[in-house]
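Q: Got data03.txt for you, compact mmCIF, N, CA, C and O atoms:
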# COMPACT_ATOMS: atom_id res chain seq x y z
N MET A 211 -19.33 -26.92 13.13
CA MET A 211 -18.20 -27.52 13.79
C MET A 211 -17.19 -28.08 12.79
O MET A 211 -16.03 -28.22 13.11
N SER A 212 -17.64 -28.38 11.59
CA SER A 212 -16.72 -28.93 10.61
C SER A 212 -15.71 -27.87 10.15
O SER A 212 -14.60 -28.22 9.75
N SER A 213 -16.07 -26.59 10.22
CA SER A 213 -15.12 -25.57 9.81
C SER A 213 -13.92 -25.54 10.76
O SER A 213 -12.79 -25.29 10.34
N PHE A 214 -14.16 -25.79 12.05
CA PHE A 214 -13.06 -25.86 13.00
C PHE A 214 -12.15 -27.04 12.67
O PHE A 214 -10.92 -26.92 12.70
N ASN A 215 -12.75 -28.17 12.34
CA ASN A 215 -11.96 -29.35 11.96
C ASN A 215 -11.16 -29.08 10.70
O ASN A 215 -10.01 -29.50 10.60
N ASP A 216 -11.76 -28.39 9.74
CA ASP A 216 -11.04 -28.02 8.52
C ASP A 216 -9.86 -27.11 8.83
O ASP A 216 -8.77 -27.25 8.27
N TYR A 217 -10.08 -26.18 9.74
CA TYR A 217 -9.02 -25.25 10.13
C TYR A 217 -7.87 -26.00 10.81
O TYR A 217 -6.70 -25.76 10.50
N VAL A 218 -8.19 -26.90 11.71
CA VAL A 218 -7.16 -27.68 12.39
C VAL A 218 -6.39 -28.53 11.38
O VAL A 218 -5.16 -28.63 11.44
N LYS A 219 -7.08 -29.11 10.43
CA LYS A 219 -6.44 -29.91 9.39
C LYS A 219 -5.50 -29.05 8.55
O LYS A 219 -4.35 -29.44 8.27
N PHE A 220 -5.94 -27.85 8.18
CA PHE A 220 -5.10 -26.94 7.40
C PHE A 220 -3.85 -26.54 8.17
O PHE A 220 -2.74 -26.57 7.63
N VAL A 221 -4.02 -26.15 9.43
CA VAL A 221 -2.88 -25.74 10.24
C VAL A 221 -1.90 -26.89 10.41
O VAL A 221 -0.68 -26.71 10.34
N THR A 222 -2.41 -28.08 10.62
CA THR A 222 -1.55 -29.26 10.77
C THR A 222 -0.76 -29.52 9.49
O THR A 222 0.45 -29.80 9.55
N GLN A 223 -1.42 -29.42 8.34
CA GLN A 223 -0.72 -29.62 7.07
C GLN A 223 0.37 -28.58 6.86
O GLN A 223 1.48 -28.91 6.42
N GLN A 224 0.08 -27.33 7.18
CA GLN A 224 1.07 -26.27 7.03
C GLN A 224 2.26 -26.51 7.95
O GLN A 224 3.42 -26.34 7.55
N PHE A 225 1.99 -26.91 9.17
CA PHE A 225 3.06 -27.17 10.13
C PHE A 225 3.94 -28.33 9.67
O PHE A 225 5.17 -28.25 9.73
N VAL A 226 3.32 -29.40 9.22
CA VAL A 226 4.09 -30.57 8.78
C VAL A 226 4.93 -30.22 7.55
O VAL A 226 6.10 -30.61 7.47
N SER A 227 4.37 -29.46 6.62
CA SER A 227 5.16 -29.08 5.44
C SER A 227 6.32 -28.18 5.82
O SER A 227 7.40 -28.25 5.23
N TYR A 228 6.14 -27.34 6.83
CA TYR A 228 7.22 -26.47 7.30
C TYR A 228 8.32 -27.28 7.97
O TYR A 228 9.51 -27.08 7.72
N VAL A 229 7.94 -28.22 8.80
CA VAL A 229 8.92 -29.02 9.54
C VAL A 229 9.68 -29.96 8.60
O VAL A 229 10.86 -30.25 8.83
N ASP A 230 9.05 -30.42 7.54
CA ASP A 230 9.69 -31.34 6.60
C ASP A 230 10.75 -30.67 5.74
O ASP A 230 11.60 -31.35 5.17
N ARG A 231 10.72 -29.35 5.65
CA ARG A 231 11.74 -28.65 4.85
C ARG A 231 13.08 -28.68 5.56
O ARG A 231 13.14 -28.62 6.79
N PRO A 232 14.16 -28.71 4.78
CA PRO A 232 15.49 -28.63 5.41
C PRO A 232 15.69 -27.26 6.07
O PRO A 232 15.09 -26.26 5.67
N LYS A 233 16.54 -27.23 7.06
CA LYS A 233 16.74 -25.99 7.82
C LYS A 233 17.28 -24.86 6.94
O LYS A 233 16.86 -23.71 7.07
N GLU A 234 18.18 -25.17 6.01
CA GLU A 234 18.75 -24.14 5.14
C GLU A 234 17.66 -23.51 4.27
O GLU A 234 17.67 -22.30 4.03
N GLU A 235 16.74 -24.33 3.79
CA GLU A 235 15.65 -23.82 2.95
C GLU A 235 14.72 -22.91 3.75
O GLU A 235 14.28 -21.87 3.27
N ARG A 236 14.44 -23.29 4.99
CA ARG A 236 13.59 -22.46 5.85
C ARG A 236 14.24 -21.11 6.11
O ARG A 236 13.60 -20.06 6.06
N ILE A 237 15.55 -21.12 6.36
CA ILE A 237 16.28 -19.88 6.61
C ILE A 237 16.28 -19.02 5.36
O ILE A 237 16.10 -17.80 5.43
N ALA A 238 16.49 -19.64 4.19
CA ALA A 238 16.50 -18.89 2.94
C ALA A 238 15.12 -18.26 2.67
O ALA A 238 15.03 -17.10 2.23
N LEU A 239 14.05 -19.01 2.92
CA LEU A 239 12.71 -18.46 2.73
C LEU A 239 12.45 -17.28 3.66
O LEU A 239 11.88 -16.26 3.26
N ARG A 240 12.86 -17.42 4.90
CA ARG A 240 12.68 -16.34 5.87
C ARG A 240 13.45 -15.09 5.44
O ARG A 240 12.96 -13.97 5.53
N ARG A 241 14.67 -15.29 4.94
CA ARG A 241 15.49 -14.17 4.47
C ARG A 241 14.85 -13.49 3.27
O ARG A 241 14.83 -12.26 3.17
N GLN A 242 14.29 -14.28 2.33
CA GLN A 242 13.63 -13.71 1.16
C GLN A 242 12.41 -12.89 1.56
O GLN A 242 12.18 -11.80 1.04
N ARG A 243 11.61 -13.40 2.48
CA ARG A 243 10.43 -12.65 2.93
C ARG A 243 10.84 -11.35 3.61
O ARG A 243 10.20 -10.31 3.44
N LYS A 244 11.91 -11.39 4.38
CA LYS A 244 12.37 -10.19 5.09
C LYS A 244 12.87 -9.15 4.10
O LYS A 244 12.63 -7.95 4.27
N GLU A 245 13.59 -9.57 3.05
CA GLU A 245 14.10 -8.63 2.06
C GLU A 245 12.98 -8.05 1.21
O GLU A 245 13.10 -6.93 0.72
N ALA A 246 11.89 -8.77 1.04
CA ALA A 246 10.79 -8.30 0.21
C ALA A 246 9.95 -7.23 0.90
O ALA A 246 9.21 -6.50 0.25
N ARG A 247 10.05 -7.14 2.23
CA ARG A 247 9.27 -6.15 2.97
C ARG A 247 9.81 -4.75 2.72
O ARG A 247 11.02 -4.56 2.56
N PRO A 248 8.93 -3.76 2.71
CA PRO A 248 9.41 -2.38 2.61
C PRO A 248 10.12 -1.98 3.90
O PRO A 248 9.93 -2.61 4.95
N PRO A 249 10.93 -0.93 3.84
CA PRO A 249 11.62 -0.48 5.05
C PRO A 249 10.62 -0.16 6.17
O PRO A 249 9.48 0.20 5.92
N ILE A 250 11.08 -0.25 7.40
CA ILE A 250 10.20 -0.09 8.56
C ILE A 250 9.57 1.29 8.61
O ILE A 250 8.43 1.44 9.03
N GLN A 251 10.28 2.31 8.14
CA GLN A 251 9.70 3.65 8.19
C GLN A 251 8.48 3.76 7.29
O GLN A 251 7.53 4.48 7.61
N TYR A 252 8.45 3.04 6.18
CA TYR A 252 7.28 3.06 5.31
C TYR A 252 6.16 2.18 5.87
O TYR A 252 4.99 2.48 5.68
N GLN A 253 6.51 1.10 6.56
CA GLN A 253 5.49 0.26 7.17
C GLN A 253 4.77 1.02 8.28
O GLN A 253 3.56 0.92 8.43
N MET A 254 5.52 1.78 9.05
CA MET A 254 4.94 2.47 10.20
C MET A 254 4.21 3.76 9.82
O MET A 254 3.18 4.07 10.38
N PHE A 255 4.77 4.51 8.87
CA PHE A 255 4.25 5.84 8.60
C PHE A 255 3.76 6.04 7.17
O PHE A 255 3.41 7.16 6.78
N GLY A 256 3.77 5.02 6.35
CA GLY A 256 3.27 5.14 4.99
C GLY A 256 4.19 5.96 4.11
O GLY A 256 5.41 5.86 4.16
N MET A 257 3.61 6.84 3.31
CA MET A 257 4.37 7.63 2.35
C MET A 257 4.89 8.94 2.96
O MET A 257 5.57 9.69 2.29
N LEU A 258 4.60 9.21 4.20
CA LEU A 258 5.02 10.45 4.83
C LEU A 258 6.54 10.64 4.82
O LEU A 258 7.01 11.73 4.46
N PRO A 259 7.36 9.65 5.16
CA PRO A 259 8.82 9.85 5.11
C PRO A 259 9.31 10.17 3.70
O PRO A 259 10.20 11.01 3.53
N LEU A 260 8.73 9.53 2.70
CA LEU A 260 9.14 9.80 1.32
C LEU A 260 8.79 11.23 0.94
O LEU A 260 9.61 11.94 0.35
N ALA A 261 7.60 11.67 1.29
CA ALA A 261 7.19 13.04 0.97
C ALA A 261 8.08 14.05 1.66
O ALA A 261 8.52 15.04 1.04
N LEU A 262 8.40 13.83 2.93
CA LEU A 262 9.28 14.75 3.65
C LEU A 262 10.68 14.78 3.05
O LEU A 262 11.28 15.85 2.92
N SER A 263 11.19 13.63 2.68
CA SER A 263 12.53 13.60 2.09
C SER A 263 12.54 14.31 0.74
O SER A 263 13.51 15.01 0.41
N MET A 264 11.47 14.20 -0.03
CA MET A 264 11.41 14.90 -1.32
C MET A 264 11.35 16.41 -1.10
O MET A 264 12.00 17.18 -1.83
N ILE A 265 10.58 16.86 -0.11
CA ILE A 265 10.49 18.29 0.18
C ILE A 265 11.84 18.82 0.64
O ILE A 265 12.29 19.89 0.19
N LEU A 266 12.49 18.09 1.54
CA LEU A 266 13.80 18.54 2.03
C LEU A 266 14.83 18.57 0.92
O LEU A 266 15.65 19.50 0.85
N LYS A 267 14.81 17.58 0.07
CA LYS A 267 15.76 17.54 -1.05
C LYS A 267 15.52 18.72 -2.00
O LYS A 267 16.46 19.35 -2.48
N LYS A 268 14.28 19.02 -2.24
CA LYS A 268 13.92 20.13 -3.11
C LYS A 268 14.41 21.46 -2.52
O LYS A 268 14.95 22.31 -3.21
N ASN A 269 14.22 21.64 -1.22
CA ASN A 269 14.67 22.86 -0.55
C ASN A 269 16.18 22.97 -0.54
O ASN A 269 16.72 24.07 -0.67
N ARG A 270 16.90 21.87 -0.38
CA ARG A 270 18.37 21.90 -0.41
C ARG A 270 18.86 22.32 -1.78
O ARG A 270 19.83 23.06 -1.89
N ASN A 271 18.23 21.83 -2.83
CA ASN A 271 18.65 22.16 -4.18
C ASN A 271 18.39 23.63 -4.50
O ASN A 271 19.11 24.23 -5.28
N ARG A 272 17.36 24.21 -3.94
CA ARG A 272 17.07 25.63 -4.16
C ARG A 272 18.13 26.52 -3.54
O ARG A 272 18.47 27.56 -4.09
N LYS A 273 18.63 26.14 -2.39
CA LYS A 273 19.61 26.97 -1.67
C LYS A 273 20.96 27.01 -2.38
O LYS A 273 21.70 27.96 -2.24
N LYS A 274 21.28 26.00 -3.13
CA LYS A 274 22.59 25.92 -3.79
C LYS A 274 22.64 26.73 -5.03
O LYS A 274 22.05 27.22 -5.72
Transcribe the structure of this file into structure tokens.
A:
Amino acid sequence: MSSFNDYVKFVTQQFVSYVDRPKEERIALRRQRKEARPPIQYQMFGMLPLALSMILKKNRNRKK
């Protein structure tokens, strides 16, 4: 049962530290995390879009 209490304590500390930050800083942190993420096509499909784009680019260059 103490692990649940530890978890509640941790969540409470995280929440309080989040609320104590100024609004501008919270927005800036959120923006930084969003920019650090890979594009959605790579999140959803992995390396498949990159591989397809490389194949298509290679085929276009051959035709020219």
Q: Between atom CA of Gln224 of chain A and atom CA of Arg243 of chain A, what distance in Å does the model show, to one decimal?
A: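 A separation of 17.0 Å between them.
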Q: Report the distance between atom CA of Tyr228 of chain A and atom CA of Lys244 of chain A in Å, rounded to one decimal place.
A: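 Between atom CA of Tyr228 of chain A and atom CA of Lys244 of chain A the gap is 17.2 Å.
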Q: Can you tell me how far atom N of Ala238 of chain A sits from atom C of Ile250 of chain A, in Å to one decimal?
A: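 Straight-line distance from atom N of Ala238 of chain A to atom C of Ile250 of chain A works out to 22.5 Å.
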Q: Please reconstruct the missing atoms of segment 255-266 of chain A (target: all heavy atoms) and return them as a PDB file, in the frame of the given file.
A:
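Here's the written file rebuild-v3.pdb:
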ATOM      1  N   PHE A 255       4.770   4.510   8.870  1.00  0.00           N
ATOM      2  CA  PHE A 255       4.250   5.840   8.600  1.00  0.00           C
ATOM      3  C   PHE A 255       3.760   6.040   7.170  1.00  0.00           C
ATOM      4  O   PHE A 255       3.410   7.160   6.780  1.00  0.00           O
ATOM      5  CB  PHE A 255       5.324   6.889   8.908  1.00  0.00           C
ATOM      6  CG  PHE A 255       5.839   6.790  10.311  1.00  0.00           C
ATOM      7  CD1 PHE A 255       7.121   6.330  10.559  1.00  0.00           C
ATOM      8  CD2 PHE A 255       5.042   7.132  11.379  1.00  0.00           C
ATOM      9  CE1 PHE A 255       7.596   6.231  11.849  1.00  0.00           C
ATOM     10  CE2 PHE A 255       5.510   7.039  12.678  1.00  0.00           C
ATOM     11  CZ  PHE A 255       6.796   6.584  12.907  1.00  0.00           C
ATOM     12  N   GLY A 256       3.770   5.020   6.350  1.00  0.00           N
ATOM     13  CA  GLY A 256       3.270   5.140   4.990  1.00  0.00           C
ATOM     14  C   GLY A 256       4.190   5.960   4.110  1.00  0.00           C
ATOM     15  O   GLY A 256       5.410   5.860   4.160  1.00  0.00           O
ATOM     16  N   MET A 257       3.610   6.840   3.310  1.00  0.00           N
ATOM     17  CA  MET A 257       4.370   7.630   2.350  1.00  0.00           C
ATOM     18  C   MET A 257       4.890   8.940   2.960  1.00  0.00           C
ATOM     19  O   MET A 257       5.570   9.690   2.290  1.00  0.00           O
ATOM     20  CB  MET A 257       3.502   7.944   1.137  1.00  0.00           C
ATOM     21  CG  MET A 257       3.127   6.712   0.331  1.00  0.00           C
ATOM     22  SD  MET A 257       4.545   5.820  -0.312  1.00  0.00           S
ATOM     23  CE  MET A 257       5.123   6.950  -1.537  1.00  0.00           C
ATOM     24  N   LEU A 258       4.600   9.210   4.200  1.00  0.00           N
ATOM     25  CA  LEU A 258       5.020  10.450   4.830  1.00  0.00           C
ATOM     26  C   LEU A 258       6.540  10.640   4.820  1.00  0.00           C
ATOM     27  O   LEU A 258       7.010  11.730   4.460  1.00  0.00           O
ATOM     28  CB  LEU A 258       4.473  10.527   6.250  1.00  0.00           C
ATOM     29  CG  LEU A 258       4.645  11.841   6.971  1.00  0.00           C
ATOM     30  CD1 LEU A 258       3.916  12.954   6.232  1.00  0.00           C
ATOM     31  CD2 LEU A 258       4.120  11.729   8.380  1.00  0.00           C
ATOM     32  N   PRO A 259       7.360   9.650   5.160  1.00  0.00           N
ATOM     33  CA  PRO A 259       8.820   9.850   5.110  1.00  0.00           C
ATOM     34  C   PRO A 259       9.310  10.170   3.700  1.00  0.00           C
ATOM     35  O   PRO A 259      10.200  11.010   3.530  1.00  0.00           O
ATOM     36  CB  PRO A 259       9.390   8.531   5.603  1.00  0.00           C
ATOM     37  CG  PRO A 259       8.302   7.910   6.384  1.00  0.00           C
ATOM     38  CD  PRO A 259       7.033   8.344   5.746  1.00  0.00           C
ATOM     39  N   LEU A 260       8.730   9.530   2.700  1.00  0.00           N
ATOM     40  CA  LEU A 260       9.140   9.800   1.320  1.00  0.00           C
ATOM     41  C   LEU A 260       8.790  11.230   0.940  1.00  0.00           C
ATOM     42  O   LEU A 260       9.610  11.940   0.350  1.00  0.00           O
ATOM     43  CB  LEU A 260       8.454   8.826   0.361  1.00  0.00           C
ATOM     44  CG  LEU A 260       8.719   9.056  -1.127  1.00  0.00           C
ATOM     45  CD1 LEU A 260      10.191   8.850  -1.439  1.00  0.00           C
ATOM     46  CD2 LEU A 260       7.859   8.144  -1.970  1.00  0.00           C
ATOM     47  N   ALA A 261       7.600  11.670   1.290  1.00  0.00           N
ATOM     48  CA  ALA A 261       7.190  13.040   0.970  1.00  0.00           C
ATOM     49  C   ALA A 261       8.080  14.050   1.660  1.00  0.00           C
ATOM     50  O   ALA A 261       8.520  15.040   1.040  1.00  0.00           O
ATOM     51  CB  ALA A 261       5.731  13.248   1.369  1.00  0.00           C
ATOM     52  N   LEU A 262       8.400  13.830   2.930  1.00  0.00           N
ATOM     53  CA  LEU A 262       9.280  14.750   3.650  1.00  0.00           C
ATOM     54  C   LEU A 262      10.680  14.780   3.050  1.00  0.00           C
ATOM     55  O   LEU A 262      11.280  15.850   2.920  1.00  0.00           O
ATOM     56  CB  LEU A 262       9.346  14.364   5.128  1.00  0.00           C
ATOM     57  CG  LEU A 262       8.096  14.654   5.950  1.00  0.00           C
ATOM     58  CD1 LEU A 262       8.252  14.094   7.350  1.00  0.00           C
ATOM     59  CD2 LEU A 262       7.801  16.127   5.983  1.00  0.00           C
ATOM     60  N   SER A 263      11.190  13.630   2.680  1.00  0.00           N
ATOM     61  CA  SER A 263      12.530  13.600   2.090  1.00  0.00           C
ATOM     62  C   SER A 263      12.540  14.310   0.740  1.00  0.00           C
ATOM     63  O   SER A 263      13.510  15.010   0.410  1.00  0.00           O
ATOM     64  CB  SER A 263      13.042  12.177   1.950  1.00  0.00           C
ATOM     65  OG  SER A 263      12.286  11.475   0.983  1.00  0.00           O
ATOM     66  N   MET A 264      11.470  14.200  -0.030  1.00  0.00           N
ATOM     67  CA  MET A 264      11.410  14.900  -1.320  1.00  0.00           C
ATOM     68  C   MET A 264      11.350  16.410  -1.100  1.00  0.00           C
ATOM     69  O   MET A 264      12.000  17.180  -1.830  1.00  0.00           O
ATOM     70  CB  MET A 264      10.197  14.421  -2.121  1.00  0.00           C
ATOM     71  CG  MET A 264      10.340  13.011  -2.643  1.00  0.00           C
ATOM     72  SD  MET A 264       8.853  12.389  -3.430  1.00  0.00           S
ATOM     73  CE  MET A 264       8.746  13.445  -4.853  1.00  0.00           C
ATOM     74  N   ILE A 265      10.580  16.860  -0.110  1.00  0.00           N
ATOM     75  CA  ILE A 265      10.490  18.290   0.180  1.00  0.00           C
ATOM     76  C   ILE A 265      11.840  18.820   0.640  1.00  0.00           C
ATOM     77  O   ILE A 265      12.290  19.890   0.190  1.00  0.00           O
ATOM     78  CB  ILE A 265       9.394  18.547   1.242  1.00  0.00           C
ATOM     79  CG1 ILE A 265       8.021  18.288   0.636  1.00  0.00           C
ATOM     80  CG2 ILE A 265       9.477  19.971   1.777  1.00  0.00           C
ATOM     81  CD1 ILE A 265       6.889  18.283   1.645  1.00  0.00           C
ATOM     82  N   LEU A 266      12.490  18.090   1.540  1.00  0.00           N
ATOM     83  CA  LEU A 266      13.800  18.540   2.030  1.00  0.00           C
ATOM     84  C   LEU A 266      14.830  18.570   0.920  1.00  0.00           C
ATOM     85  O   LEU A 266      15.650  19.500   0.850  1.00  0.00           O
ATOM     86  CB  LEU A 266      14.263  17.652   3.177  1.00  0.00           C
ATOM     87  CG  LEU A 266      13.456  17.754   4.473  1.00  0.00           C
ATOM     88  CD1 LEU A 266      13.940  16.713   5.469  1.00  0.00           C
ATOM     89  CD2 LEU A 266      13.542  19.149   5.044  1.00  0.00           C
TER      90      LEU A 266
END
